[in-house]
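Asks: Below is the file data-v9.txt, with compact mmCIF, C-alpha atoms and all ligand atoms.
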# COMPACT_ATOMS: atom_id res chain seq x y z
CA MET C 1 -38.54 -36.52 -78.14
CA GLN C 2 -40.13 -34.77 -81.08
CA LEU C 3 -43.23 -36.32 -82.64
CA ARG C 4 -44.66 -35.23 -85.95
CA SER C 5 -48.39 -34.67 -85.65
CA ALA C 6 -51.03 -33.29 -88.02
CA GLY C 7 -48.89 -30.49 -89.48
CA TYR C 8 -46.93 -29.61 -86.33
CA TYR C 9 -44.53 -31.12 -83.80
CA VAL C 10 -45.08 -32.24 -80.23
CA SER C 11 -41.79 -31.67 -78.39
CA MET C 12 -40.67 -32.93 -75.00
CA GLU C 13 -38.67 -30.12 -73.45
CA ASP C 14 -36.13 -29.85 -70.67
CA LYS C 15 -35.78 -26.77 -68.53
CA ARG C 16 -34.11 -24.80 -71.29
CA PHE C 17 -37.06 -25.10 -73.71
CA ARG C 18 -34.72 -25.55 -76.65
CA TYR C 19 -37.39 -26.65 -79.12
CA LEU C 20 -39.63 -23.71 -78.23
CA GLU C 21 -36.79 -21.24 -78.42
CA LYS C 22 -35.81 -22.56 -81.86
CA PHE C 23 -39.43 -22.59 -83.05
CA LEU C 24 -39.90 -18.93 -82.08
CA ARG C 25 -36.56 -17.94 -83.60
CA THR C 26 -37.28 -19.72 -86.89
CA ALA C 27 -40.93 -18.70 -87.27
CA ALA C 28 -40.11 -15.09 -86.29
CA TYR C 29 -43.68 -14.01 -85.52
CA PRO C 30 -43.76 -10.19 -85.51
CA ARG C 31 -45.97 -10.26 -82.44
CA ILE C 32 -46.35 -12.78 -79.61
CA LEU C 33 -49.15 -12.76 -77.00
CA VAL C 34 -49.49 -15.00 -73.96
CA PHE C 35 -52.68 -16.50 -72.52
CA CYS C 36 -52.73 -18.22 -69.12
CA ASP C 37 -54.86 -18.58 -65.99
CA SER C 38 -54.42 -17.15 -62.51
CA ASN C 39 -52.54 -20.24 -61.28
CA THR C 40 -50.24 -20.72 -64.24
CA ARG C 41 -49.36 -17.03 -64.25
CA ARG C 42 -48.02 -17.52 -60.73
CA ASN C 43 -46.62 -21.06 -60.97
CA CYS C 44 -45.43 -21.42 -64.55
CA LEU C 45 -45.07 -18.15 -66.43
CA PRO C 46 -42.10 -16.73 -64.47
CA PHE C 47 -40.07 -19.88 -65.14
CA LEU C 48 -41.04 -19.94 -68.81
CA GLN C 49 -40.20 -16.28 -69.32
CA GLY C 50 -36.90 -16.82 -67.52
CA ALA C 51 -36.00 -19.60 -69.97
CA VAL C 52 -37.35 -18.16 -73.24
CA LYS C 53 -36.30 -14.60 -73.94
CA GLN C 54 -38.82 -14.08 -76.78
CA LEU C 55 -41.64 -14.37 -74.23
CA ARG C 56 -40.34 -11.84 -71.70
CA ALA C 57 -41.90 -8.75 -73.21
CA ALA C 58 -45.05 -10.44 -74.56
CA PRO C 59 -48.35 -8.97 -73.28
CA VAL C 60 -50.22 -11.46 -71.09
CA HIS C 61 -53.96 -12.09 -70.72
CA VAL C 62 -55.01 -14.00 -67.59
CA MET C 63 -58.31 -15.88 -67.17
CA PRO C 64 -59.65 -17.09 -63.83
CA ALA C 65 -58.64 -20.72 -63.15
CA GLY C 66 -60.99 -23.68 -63.45
CA GLU C 67 -63.53 -25.47 -65.61
CA ARG C 68 -66.39 -23.19 -64.55
CA HIS C 69 -64.65 -20.39 -66.47
CA LYS C 70 -64.42 -22.31 -69.75
CA THR C 71 -67.20 -20.08 -71.00
CA LEU C 72 -68.24 -17.83 -73.84
CA GLU C 73 -67.71 -14.87 -71.49
CA GLN C 74 -64.03 -15.79 -71.07
CA ALA C 75 -63.65 -16.43 -74.81
CA GLU C 76 -65.02 -12.90 -75.38
CA LYS C 77 -62.48 -11.50 -72.93
CA CYS C 78 -59.72 -13.25 -74.83
CA TRP C 79 -61.04 -11.86 -78.14
CA ASP C 80 -61.13 -8.38 -76.52
CA PHE C 81 -57.49 -8.83 -75.54
CA LEU C 82 -56.52 -9.92 -79.07
CA LEU C 83 -58.40 -6.94 -80.50
CA ALA C 84 -56.85 -4.46 -78.06
CA GLN C 85 -53.40 -5.81 -78.90
CA GLY C 86 -54.02 -5.43 -82.63
CA ALA C 87 -53.55 -9.17 -83.22
CA ASP C 88 -53.67 -10.35 -86.83
CA ARG C 89 -52.89 -13.55 -88.67
CA SER C 90 -49.17 -13.05 -88.17
CA THR C 91 -49.61 -12.88 -84.39
CA LEU C 92 -48.89 -15.96 -82.26
CA LEU C 93 -50.97 -16.77 -79.18
CA VAL C 94 -49.04 -18.83 -76.62
CA CYS C 95 -51.37 -20.81 -74.32
CA VAL C 96 -49.72 -21.64 -71.00
CA GLY C 97 -51.90 -23.81 -68.81
CA GLY C 98 -54.00 -26.91 -68.32
CA GLY C 99 -56.73 -28.29 -70.55
CA VAL C 100 -59.00 -25.32 -69.89
CA VAL C 101 -56.44 -22.74 -71.07
CA CYS C 102 -55.49 -24.91 -74.07
CA ASP C 103 -59.13 -25.49 -75.09
CA LEU C 104 -60.29 -21.90 -74.55
CA GLY C 105 -57.14 -20.22 -75.87
CA GLY C 106 -57.17 -22.50 -78.93
CA PHE C 107 -60.85 -21.70 -79.47
CA ALA C 108 -60.35 -17.94 -79.18
CA ALA C 109 -57.35 -18.03 -81.53
CA SER C 110 -58.94 -20.36 -84.07
CA THR C 111 -62.00 -18.12 -84.42
CA PHE C 112 -60.44 -14.64 -84.16
CA LYS C 113 -60.20 -13.13 -87.65
CA ARG C 114 -61.03 -16.67 -88.84
CA GLY C 115 -57.94 -18.03 -87.19
CA ILE C 116 -54.58 -16.85 -85.89
CA PRO C 117 -51.75 -19.27 -85.04
CA PHE C 118 -51.41 -20.59 -81.49
CA ILE C 119 -49.15 -22.98 -79.59
CA HIS C 120 -49.68 -24.94 -76.38
CA ILE C 121 -47.38 -25.13 -73.39
CA PRO C 122 -49.34 -27.58 -71.23
CA THR C 123 -48.82 -27.35 -67.48
CA THR C 124 -51.06 -30.10 -66.05
CA LEU C 125 -50.57 -33.83 -66.50
CA LEU C 126 -53.94 -34.01 -68.24
CA ALA C 127 -52.97 -31.34 -70.76
CA MET C 128 -49.49 -32.82 -71.34
CA ALA C 129 -50.75 -36.36 -71.86
CA ASP C 130 -53.85 -35.50 -73.81
CA ALA C 131 -55.57 -32.09 -74.13
CA SER C 132 -52.75 -30.16 -75.80
CA VAL C 133 -52.44 -32.65 -78.68
CA GLY C 134 -54.89 -33.15 -81.53
CA GLY C 135 -56.37 -29.71 -82.16
CA LYS C 136 -59.72 -29.91 -80.38
CA THR C 137 -60.63 -26.49 -79.01
CA GLY C 138 -63.80 -25.30 -77.33
CA ILE C 139 -65.90 -23.98 -74.51
CA ASP C 140 -68.73 -25.38 -72.40
CA PHE C 141 -72.13 -23.91 -73.23
CA ARG C 142 -75.53 -24.10 -71.45
CA SER C 143 -74.12 -26.80 -69.13
CA TYR C 144 -72.95 -29.03 -71.99
CA LYS C 145 -69.26 -29.87 -72.19
CA ASN C 146 -67.35 -28.55 -75.21
CA LEU C 147 -70.61 -27.84 -77.04
CA VAL C 148 -69.07 -25.03 -79.08
CA GLY C 149 -65.61 -25.43 -80.59
CA THR C 150 -63.40 -26.13 -83.54
CA ILE C 151 -60.84 -28.68 -84.62
CA THR C 152 -57.83 -26.51 -85.40
CA GLN C 153 -54.29 -27.77 -85.04
CA PRO C 154 -51.83 -25.72 -82.99
CA ALA C 155 -48.58 -24.60 -84.59
CA GLY C 156 -46.69 -26.60 -81.95
CA VAL C 157 -46.93 -28.28 -78.55
CA PHE C 158 -44.05 -27.96 -76.07
CA ILE C 159 -44.25 -30.27 -73.04
CA ASN C 160 -42.12 -29.68 -69.96
CA PRO C 161 -42.99 -32.12 -67.16
CA GLY C 162 -41.06 -29.86 -64.75
CA PHE C 163 -44.26 -27.82 -64.41
CA LEU C 164 -45.91 -30.73 -62.61
CA ARG C 165 -43.93 -29.97 -59.46
CA THR C 166 -46.54 -27.43 -58.34
CA LEU C 167 -49.56 -29.53 -59.30
CA SER C 168 -51.63 -31.10 -56.49
CA PRO C 169 -51.82 -34.91 -56.10
CA ARG C 170 -55.54 -34.69 -56.94
CA HIS C 171 -54.74 -33.04 -60.28
CA LEU C 172 -52.01 -35.60 -60.98
CA ARG C 173 -54.52 -38.41 -60.47
CA ASN C 174 -56.93 -36.45 -62.64
CA GLY C 175 -54.45 -36.43 -65.52
CA MET C 176 -53.64 -40.08 -65.02
CA ALA C 177 -57.21 -40.94 -66.10
CA GLU C 178 -56.51 -39.88 -69.69
CA ILE C 179 -53.26 -41.91 -69.66
CA ILE C 180 -55.25 -44.95 -68.53
CA LYS C 181 -57.70 -44.27 -71.34
CA ALA C 182 -54.85 -44.15 -73.87
CA ALA C 183 -53.65 -47.53 -72.58
CA LEU C 184 -57.10 -49.10 -72.73
CA ILE C 185 -57.86 -47.99 -76.28
CA GLY C 186 -54.44 -48.37 -77.82
CA SER C 187 -51.59 -49.87 -75.83
CA GLN C 188 -51.54 -53.13 -73.94
CA ALA C 189 -47.87 -52.37 -73.07
CA LEU C 190 -48.83 -49.07 -71.42
CA TRP C 191 -51.62 -50.81 -69.53
CA ASN C 192 -49.15 -53.43 -68.23
CA LYS C 193 -46.82 -50.65 -67.12
CA LEU C 194 -49.62 -48.91 -65.21
CA LYS C 195 -50.70 -52.14 -63.55
CA GLU C 196 -47.18 -53.15 -62.57
CA ALA C 197 -46.45 -49.73 -61.10
CA GLY C 198 -49.19 -50.30 -58.53
CA HIS C 199 -49.47 -46.66 -57.62
CA PHE C 200 -48.72 -43.42 -59.41
CA THR C 201 -45.47 -41.66 -58.57
CA PRO C 202 -44.03 -38.44 -60.05
CA ASP C 203 -40.93 -40.21 -61.42
CA MET C 204 -43.16 -42.28 -63.73
CA THR C 205 -44.74 -39.31 -65.41
CA ASP C 206 -42.23 -38.52 -68.21
CA ALA C 207 -42.46 -42.03 -69.66
CA LEU C 208 -46.23 -42.16 -69.22
CA ILE C 209 -46.74 -38.78 -70.91
CA GLU C 210 -44.63 -39.91 -73.88
CA ALA C 211 -46.48 -43.20 -74.20
CA SER C 212 -49.88 -41.53 -73.94
CA VAL C 213 -49.01 -38.80 -76.46
CA LYS C 214 -47.79 -41.49 -78.88
CA VAL C 215 -51.13 -43.34 -78.69
CA LYS C 216 -53.13 -40.14 -79.17
CA ASN C 217 -50.88 -38.78 -81.88
CA LYS C 218 -51.04 -41.98 -83.93
CA ILE C 219 -54.84 -41.83 -83.87
CA VAL C 220 -55.29 -38.10 -84.56
CA SER C 221 -52.69 -38.14 -87.34
CA ARG C 222 -54.79 -40.77 -89.15
CA ASP C 223 -58.10 -38.99 -88.57
CA PRO C 224 -57.65 -35.34 -87.50
CA LEU C 225 -61.32 -34.42 -88.05
CA GLU C 226 -62.87 -37.35 -86.12
CA ARG C 227 -64.56 -38.97 -89.08
CA ASN C 228 -63.78 -42.47 -87.78
CA VAL C 229 -60.84 -43.82 -85.69
CA ARG C 230 -60.46 -40.61 -83.68
CA LYS C 231 -63.70 -41.59 -81.94
CA LEU C 232 -61.61 -44.19 -80.10
CA LEU C 233 -60.36 -41.34 -77.92
CA ASN C 234 -63.90 -40.77 -76.67
CA PHE C 235 -63.89 -43.94 -74.59
CA GLY C 236 -65.35 -43.03 -71.20
CA HIS C 237 -66.31 -39.58 -72.42
CA THR C 238 -70.00 -40.10 -73.31
CA ALA C 239 -70.87 -40.98 -69.72
CA GLY C 240 -67.90 -38.98 -68.37
CA HIS C 241 -68.83 -35.65 -69.94
CA ALA C 242 -72.39 -36.05 -68.63
CA ILE C 243 -71.02 -36.72 -65.13
CA GLU C 244 -68.65 -33.73 -65.33
CA SER C 245 -71.45 -31.42 -66.59
CA TYR C 246 -73.94 -32.65 -63.99
CA TYR C 247 -71.68 -31.82 -61.05
CA LEU C 248 -70.10 -28.66 -62.50
CA GLY C 249 -70.54 -25.75 -60.10
CA LYS C 250 -72.06 -28.01 -57.40
CA LYS C 251 -70.52 -28.50 -53.97
CA ASN C 252 -69.35 -31.99 -54.91
CA GLU C 253 -67.88 -30.95 -58.30
CA VAL C 254 -65.68 -33.56 -60.01
CA LEU C 255 -62.62 -32.85 -62.13
CA HIS C 256 -62.56 -33.81 -65.81
CA GLY C 257 -60.30 -36.86 -65.34
CA GLU C 258 -62.27 -38.04 -62.30
CA ALA C 259 -65.47 -37.88 -64.35
CA ILE C 260 -63.79 -39.72 -67.22
CA ALA C 261 -62.57 -42.44 -64.81
CA MET C 262 -66.16 -43.02 -63.70
CA GLY C 263 -67.35 -42.75 -67.30
CA MET C 264 -64.88 -45.46 -68.35
CA CYS C 265 -66.20 -47.71 -65.57
CA VAL C 266 -69.82 -47.19 -66.65
CA GLU C 267 -68.90 -47.82 -70.28
CA LEU C 268 -67.01 -51.00 -69.37
CA CYS C 269 -70.21 -52.21 -67.70
CA LEU C 270 -72.12 -51.22 -70.83
CA GLY C 271 -69.59 -53.09 -72.96
CA THR C 272 -70.16 -56.23 -70.93
CA LEU C 273 -73.93 -55.93 -71.23
CA LEU C 274 -73.59 -55.46 -75.00
CA ARG C 275 -71.12 -58.38 -75.16
CA ARG C 276 -68.32 -56.16 -76.45
CA THR C 277 -66.12 -56.20 -73.34
CA GLN C 278 -64.51 -59.41 -72.11
CA ALA C 279 -65.70 -60.28 -68.59
CA GLN C 280 -62.17 -60.77 -67.28
CA ALA C 281 -61.07 -57.43 -68.70
CA GLU C 282 -64.06 -55.66 -67.16
CA GLU C 283 -63.30 -57.04 -63.75
CA GLY C 284 -59.56 -56.30 -63.87
CA ILE C 285 -60.00 -52.74 -65.13
CA LEU C 286 -62.84 -51.88 -62.75
CA SER C 287 -60.80 -53.14 -59.79
CA PHE C 288 -57.88 -50.98 -60.95
CA PHE C 289 -60.11 -47.88 -61.02
CA LYS C 290 -61.61 -48.75 -57.65
CA LYS C 291 -58.12 -48.88 -56.17
CA HIS C 292 -56.99 -45.54 -57.57
CA TYR C 293 -60.10 -43.35 -57.73
CA LYS C 294 -62.90 -42.24 -55.47
CA LEU C 295 -65.77 -43.62 -57.53
CA ARG C 296 -69.20 -42.39 -56.49
CA PRO C 297 -72.49 -44.24 -56.91
CA PHE C 298 -75.32 -42.68 -58.94
CA PRO C 299 -78.86 -42.77 -57.53
CA ALA C 300 -81.72 -43.45 -59.99
CA LYS C 301 -82.70 -39.76 -60.25
CA GLU C 302 -79.16 -38.77 -61.20
CA ILE C 303 -78.93 -41.55 -63.78
CA THR C 304 -82.00 -40.09 -65.50
CA ALA C 305 -80.40 -36.63 -65.52
CA LEU C 306 -77.10 -38.05 -66.81
CA ILE C 307 -78.82 -39.90 -69.67
CA ARG C 308 -80.58 -36.65 -70.60
CA LEU C 309 -77.20 -34.91 -70.80
CA MET C 310 -75.79 -37.78 -72.85
CA GLN C 311 -78.48 -37.21 -75.47
CA HIS C 312 -76.52 -34.13 -76.57
CA ASP C 313 -73.24 -35.97 -76.99
CA LYS C 314 -71.50 -35.04 -80.23
CA LYS C 315 -71.04 -38.68 -81.28
CA ASN C 316 -74.77 -39.49 -81.30
CA ARG C 317 -76.34 -40.16 -84.68
CA ASN C 318 -80.07 -39.93 -85.46
CA GLY C 319 -80.77 -39.40 -81.77
CA ARG C 320 -79.16 -42.72 -80.77
CA LEU C 321 -76.55 -42.89 -78.00
CA ASN C 322 -73.18 -43.83 -79.44
CA PHE C 323 -70.22 -45.27 -77.53
CA THR C 324 -66.62 -46.26 -77.94
CA LEU C 325 -66.18 -49.53 -76.06
CA VAL C 326 -63.16 -51.49 -74.94
CA GLU C 327 -62.93 -55.20 -75.62
CA LYS C 328 -59.77 -55.68 -73.54
CA PRO C 329 -56.78 -53.43 -72.74
CA GLY C 330 -55.35 -52.13 -76.02
CA ALA C 331 -58.38 -53.06 -78.16
CA ALA C 332 -61.46 -50.87 -78.62
CA SER C 333 -64.24 -50.31 -81.14
CA ILE C 334 -66.22 -47.23 -82.21
CA ASN C 335 -69.88 -46.59 -83.12
CA ASN C 336 -71.54 -48.94 -80.64
CA GLU C 337 -75.15 -47.91 -80.20
CA ALA C 338 -77.08 -48.47 -77.00
CA THR C 339 -80.64 -47.85 -75.91
CA GLU C 340 -81.41 -45.66 -72.89
CA ALA C 341 -82.59 -48.75 -71.02
CA MET C 342 -79.25 -50.46 -71.61
CA VAL C 343 -77.30 -47.39 -70.45
CA ARG C 344 -79.44 -47.29 -67.30
CA ARG C 345 -78.58 -50.93 -66.68
CA ALA C 346 -74.89 -50.13 -67.14
CA PHE C 347 -75.09 -47.45 -64.41
CA GLN C 348 -76.87 -49.96 -62.16
CA ARG C 349 -74.19 -52.59 -62.81
CA TYR C 350 -71.53 -49.98 -61.96
CA ASN C 351 -73.36 -49.16 -58.69
CA GLU C 352 -73.44 -52.89 -57.85
CA PHE C 353 -69.72 -53.11 -58.49
CA LEU C 354 -69.02 -50.26 -56.08
CA LYS C 355 -70.92 -52.09 -53.36
CA SER C 356 -69.18 -55.41 -53.96
CA PRO C 357 -66.24 -56.11 -51.65
CA GLY C 358 -64.27 -58.37 -54.00
CA LYS C 359 -64.16 -60.32 -57.20
CA HIS C 360 -67.03 -62.01 -59.05
CA ASP C 361 -69.77 -60.85 -56.76
CA PHE C 362 -71.46 -58.08 -58.63
CA ALA C 363 -74.44 -58.60 -60.92
N1 LIG F 401 -58.86 -30.74 -76.37
C1 LIG F 401 -58.75 -31.99 -75.98
O1 LIG F 401 -58.43 -32.88 -76.75
C2 LIG F 401 -59.02 -32.33 -74.54
C3 LIG F 401 -58.73 -33.61 -74.06
C4 LIG F 401 -58.95 -33.88 -72.71
C5 LIG F 401 -59.46 -32.89 -71.88
N2 LIG F 401 -59.74 -31.66 -72.38
C6 LIG F 401 -60.27 -30.60 -71.52
O2 LIG F 401 -59.28 -30.29 -70.53
C7 LIG F 401 -59.93 -29.71 -69.40
C8 LIG F 401 -59.32 -30.26 -68.13
O3 LIG F 401 -57.95 -29.94 -68.10
P1 LIG F 401 -57.14 -29.80 -66.73
O4 LIG F 401 -57.44 -30.95 -65.86
O5 LIG F 401 -55.74 -29.53 -67.10
O6 LIG F 401 -57.85 -28.56 -66.03
P2 LIG F 401 -57.40 -27.06 -65.76
O7 LIG F 401 -56.85 -26.43 -66.97
O8 LIG F 401 -58.57 -26.41 -65.11
O9 LIG F 401 -56.21 -27.21 -64.71
C9 LIG F 401 -56.49 -27.73 -63.44
C10 LIG F 401 -56.07 -26.76 -62.34
O10 LIG F 401 -54.65 -26.78 -62.21
C11 LIG F 401 -54.14 -25.44 -62.27
N3 LIG F 401 -52.80 -25.55 -62.83
C12 LIG F 401 -52.45 -25.73 -64.12
N4 LIG F 401 -51.14 -25.96 -64.21
C13 LIG F 401 -50.63 -25.89 -62.97
C14 LIG F 401 -49.34 -26.07 -62.42
N5 LIG F 401 -48.29 -26.41 -63.17
N6 LIG F 401 -49.18 -25.92 -61.08
C15 LIG F 401 -50.25 -25.63 -60.28
N7 LIG F 401 -51.50 -25.48 -60.74
C16 LIG F 401 -51.69 -25.62 -62.08
C17 LIG F 401 -55.14 -24.69 -63.09
O11 LIG F 401 -55.09 -23.31 -62.85
C18 LIG F 401 -56.46 -25.31 -62.60
O12 LIG F 401 -56.83 -24.71 -61.39
C19 LIG F 401 -61.41 -30.00 -69.54
O13 LIG F 401 -62.09 -28.82 -69.88
C20 LIG F 401 -61.47 -30.99 -70.70
O14 LIG F 401 -62.67 -30.89 -71.41
C21 LIG F 401 -59.52 -31.36 -73.69
Taking this structure as input, can you express it in the form of structure tokens?
Replies:
Amino acid sequence: MQLRSAGYYVSMEDKRFRYLEKFLRTAAYPRILVFCDSNTRRNCLPFLQGAVKQLRAAPVHVMPAGERHKTLEQAEKCWDFLLAQGADRSTLLVCVGGGVVCDLGGFAASTFKRGIPFIHIPTTLLAMADASVGGKTGIDFRSYKNLVGTITQPAGVFINPGFLRTLSPRHLRNGMAEIIKAALIGSQALWNKLKEAGHFTPDMTDALIEASVKVKNKIVSRDPLERNVRKLLNFGHTAGHAIESYYLGKKNEVLHGEAIAMGMCVELCLGTLLRRTQAQAEEGILSFFKKHYKLRPFPAKEITALIRLMQHDKKNRNGRLNFTLVEKPGAASINNEATEAMVRRAFQRYNEFLKSPGKHDFA
């Protein structure tokens, strides 16, 4: 599969990386540099370099793995590397990794000398199904998620699901959250497929990645700069980013997709309270999440801290909390405003749901 996106192609590769090989041959960048993290250097880079000869001699910069390193300090180290290598606007940066490498590498490239070209070779399910597509780059700053960043499209995205073989089940479930989000905001058919499957298995991933990328690509191609419909993709992310930031670096840290899964649940509860989400849809979707994810309750003190974090969400306007809400699977709306009191009630409703053993018995 090759999908045309906002000025570049998203290609589904097999083990020979034919699209990537052809892209590098045709574009003929005079200089190619590679950016990865400590895990993808070990698990992914040797295979990639074995398959694509143009990457064998490319200098490599390695960042430490994990969200806690998606920082200005690591962006600086990447800029230092680009500088030391004499990178200029004819140099290509190849980002090989999960969402952190794609976001940080894209950010470093899009700001260095006001922008050098970069491509993504995503290696986690989350990055394949979501993060590598659409051109959002960035770093976390002062405990806020993606506070500093750019929207700059990559020159190409090359997805090889073969990399998922070394990914842990926890990280597979993590990536699945963004696929569920794609279904809920834009594809009833994908939602039905997820529900029918019952549980996630590796043989489902190719089809799910394709379906998810198609939903995202359709939206970002219409609105690359997030002026309107692109906000659909933020479903679950207003609450979810706050949850991810709150626990970042703590003993009970949550992964991005896990936080977004909980964020989607809270925002479904909010949608019901605001009469935007259909009751039946809320119940069915929440039960699905409860089955597949370890959802944690939020005590009152944490809810206050989470709402404080949400006040810095990029979608807010005039200081008002702004949400994308789902009416039913495949149908969502943007720019729903909610008061702090209402958001607090949504967290409480979510907590009630976690306590309830079955259907219909939460407030
Ligand atoms: N730009 C966007 O549109 C967008 C969309 C969604 C999420 N994101 C961002 O993506 C990030 C989360 O991405 P993630 O979940 O991929 O996290 P990640 O990049 O930290 O990867 C998760 C872990 O898996 C390891 N890893 C990567 N590939 C591997 C492989 N093939 N085998 C073994 N280990 C491997 C990584 O080293 C890391 O330890 C968050 O920062 C989030 O904000 C961005």
Asks: Considering only C-alpha atoms, return as a compact mmCIF listing (two decimals) with C-alpha atoms, keeping the file's coordinate frame whatever protein or nucleic-acid residues lie within 8 Å of Leu232 (chain C), sequence-local ones (same chain, fewer than 5 positions apart) excluded.
Replies:
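Below you can see around_35.txt, which holds the result:
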# COMPACT_ATOMS: atom_id res chain seq x y z
CA ILE C 185 -57.86 -47.99 -76.28
CA THR C 324 -66.62 -46.26 -77.94
CA ALA C 332 -61.46 -50.87 -78.62
CA SER C 333 -64.24 -50.31 -81.14
CA ILE C 334 -66.22 -47.23 -82.21
Asks: So what do you get for atom C8 of ligand LIG 401 (chain F) versus CA of Gly98 (chain C), distance-wise?
Replies: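 These atoms are spaced 6.3 Å apart.
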Asks: What are the closest atom pairs, with distances in Å to one decimal, for all residues of chain C lying within 8 Å of ligand LIG 401 (chain F)? Consider all atoms listed in the file, order rows by chain and residue number, and present the result as JSON lines.
Replies:
{"residue": "C:Asp37", "atom": "CA", "partner": "F:LIG401", "partner_atom": "O11", "distance": 5.7}
{"residue": "C:Ser38", "atom": "CA", "partner": "F:LIG401", "partner_atom": "O11", "distance": 6.2}
{"residue": "C:Asn39", "atom": "CA", "partner": "F:LIG401", "partner_atom": "O11", "distance": 4.3}
{"residue": "C:Thr40", "atom": "CA", "partner": "F:LIG401", "partner_atom": "N4", "distance": 5.3}
{"residue": "C:Asn43", "atom": "CA", "partner": "F:LIG401", "partner_atom": "N6", "distance": 5.5}
{"residue": "C:Cys44", "atom": "CA", "partner": "F:LIG401", "partner_atom": "N5", "distance": 5.9}
{"residue": "C:Pro64", "atom": "CA", "partner": "F:LIG401", "partner_atom": "O11", "distance": 7.8}
{"residue": "C:Ala65", "atom": "CA", "partner": "F:LIG401", "partner_atom": "O11", "distance": 4.4}
{"residue": "C:Gly66", "atom": "CA", "partner": "F:LIG401", "partner_atom": "O8", "distance": 4.0}
{"residue": "C:Glu67", "atom": "CA", "partner": "F:LIG401", "partner_atom": "O8", "distance": 5.1}
{"residue": "C:Lys70", "atom": "CA", "partner": "F:LIG401", "partner_atom": "O13", "distance": 6.9}
{"residue": "C:Gly97", "atom": "CA", "partner": "F:LIG401", "partner_atom": "C12", "distance": 5.1}
{"residue": "C:Gly98", "atom": "CA", "partner": "F:LIG401", "partner_atom": "O7", "distance": 3.2}
{"residue": "C:Gly99", "atom": "CA", "partner": "F:LIG401", "partner_atom": "O3", "distance": 3.2}
{"residue": "C:Val100", "atom": "CA", "partner": "F:LIG401", "partner_atom": "O7", "distance": 3.8}
{"residue": "C:Val101", "atom": "CA", "partner": "F:LIG401", "partner_atom": "O7", "distance": 5.5}
{"residue": "C:Cys102", "atom": "CA", "partner": "F:LIG401", "partner_atom": "N1", "distance": 7.1}
{"residue": "C:Asp103", "atom": "CA", "partner": "F:LIG401", "partner_atom": "N1", "distance": 5.4}
{"residue": "C:Pro122", "atom": "CA", "partner": "F:LIG401", "partner_atom": "N4", "distance": 7.4}
{"residue": "C:Thr123", "atom": "CA", "partner": "F:LIG401", "partner_atom": "N4", "distance": 4.2}
{"residue": "C:Thr124", "atom": "CA", "partner": "F:LIG401", "partner_atom": "N4", "distance": 4.5}
{"residue": "C:Leu125", "atom": "CA", "partner": "F:LIG401", "partner_atom": "O5", "distance": 6.8}
{"residue": "C:Leu126", "atom": "CA", "partner": "F:LIG401", "partner_atom": "O5", "distance": 5.0}
{"residue": "C:Ala127", "atom": "CA", "partner": "F:LIG401", "partner_atom": "O5", "distance": 4.9}
{"residue": "C:Asp130", "atom": "CA", "partner": "F:LIG401", "partner_atom": "C3", "distance": 5.2}
{"residue": "C:Ala131", "atom": "CA", "partner": "F:LIG401", "partner_atom": "C2", "distance": 3.5}
{"residue": "C:Ser132", "atom": "CA", "partner": "F:LIG401", "partner_atom": "N1", "distance": 6.2}
{"residue": "C:Val133", "atom": "CA", "partner": "F:LIG401", "partner_atom": "O1", "distance": 6.3}
{"residue": "C:Gly134", "atom": "CA", "partner": "F:LIG401", "partner_atom": "O1", "distance": 6.0}
{"residue": "C:Gly135", "atom": "CA", "partner": "F:LIG401", "partner_atom": "N1", "distance": 6.4}
{"residue": "C:Lys136", "atom": "CA", "partner": "F:LIG401", "partner_atom": "N1", "distance": 4.2}
{"residue": "C:Thr137", "atom": "CA", "partner": "F:LIG401", "partner_atom": "N1", "distance": 5.3}
{"residue": "C:Gly138", "atom": "CA", "partner": "F:LIG401", "partner_atom": "N1", "distance": 7.4}
{"residue": "C:Ile139", "atom": "CA", "partner": "F:LIG401", "partner_atom": "O13", "distance": 7.7}
{"residue": "C:Asp140", "atom": "CA", "partner": "F:LIG401", "partner_atom": "O13", "distance": 7.9}
{"residue": "C:Lys145", "atom": "CA", "partner": "F:LIG401", "partner_atom": "O14", "distance": 6.7}
{"residue": "C:Asn146", "atom": "CA", "partner": "F:LIG401", "partner_atom": "O14", "distance": 6.5}
{"residue": "C:Phe163", "atom": "CA", "partner": "F:LIG401", "partner_atom": "N5", "distance": 4.4}
{"residue": "C:Leu164", "atom": "CA", "partner": "F:LIG401", "partner_atom": "N5", "distance": 5.0}
{"residue": "C:Arg165", "atom": "CA", "partner": "F:LIG401", "partner_atom": "N5", "distance": 6.7}
{"residue": "C:Thr166", "atom": "CA", "partner": "F:LIG401", "partner_atom": "N6", "distance": 4.1}
{"residue": "C:Leu167", "atom": "CA", "partner": "F:LIG401", "partner_atom": "N6", "distance": 4.0}
{"residue": "C:Ser168", "atom": "CA", "partner": "F:LIG401", "partner_atom": "C15", "distance": 6.8}
{"residue": "C:His171", "atom": "CA", "partner": "F:LIG401", "partner_atom": "C9", "distance": 6.4}
{"residue": "C:Asn174", "atom": "CA", "partner": "F:LIG401", "partner_atom": "O4", "distance": 6.4}
{"residue": "C:Gly175", "atom": "CA", "partner": "F:LIG401", "partner_atom": "O4", "distance": 6.3}
{"residue": "C:Glu178", "atom": "CA", "partner": "F:LIG401", "partner_atom": "C4", "distance": 7.1}
{"residue": "C:His241", "atom": "CA", "partner": "F:LIG401", "partner_atom": "O14", "distance": 7.9}
{"residue": "C:Leu255", "atom": "CA", "partner": "F:LIG401", "partner_atom": "O4", "distance": 6.7}
{"residue": "C:His256", "atom": "CA", "partner": "F:LIG401", "partner_atom": "C8", "distance": 5.3}
{"residue": "C:Gly257", "atom": "CA", "partner": "F:LIG401", "partner_atom": "O4", "distance": 6.6}
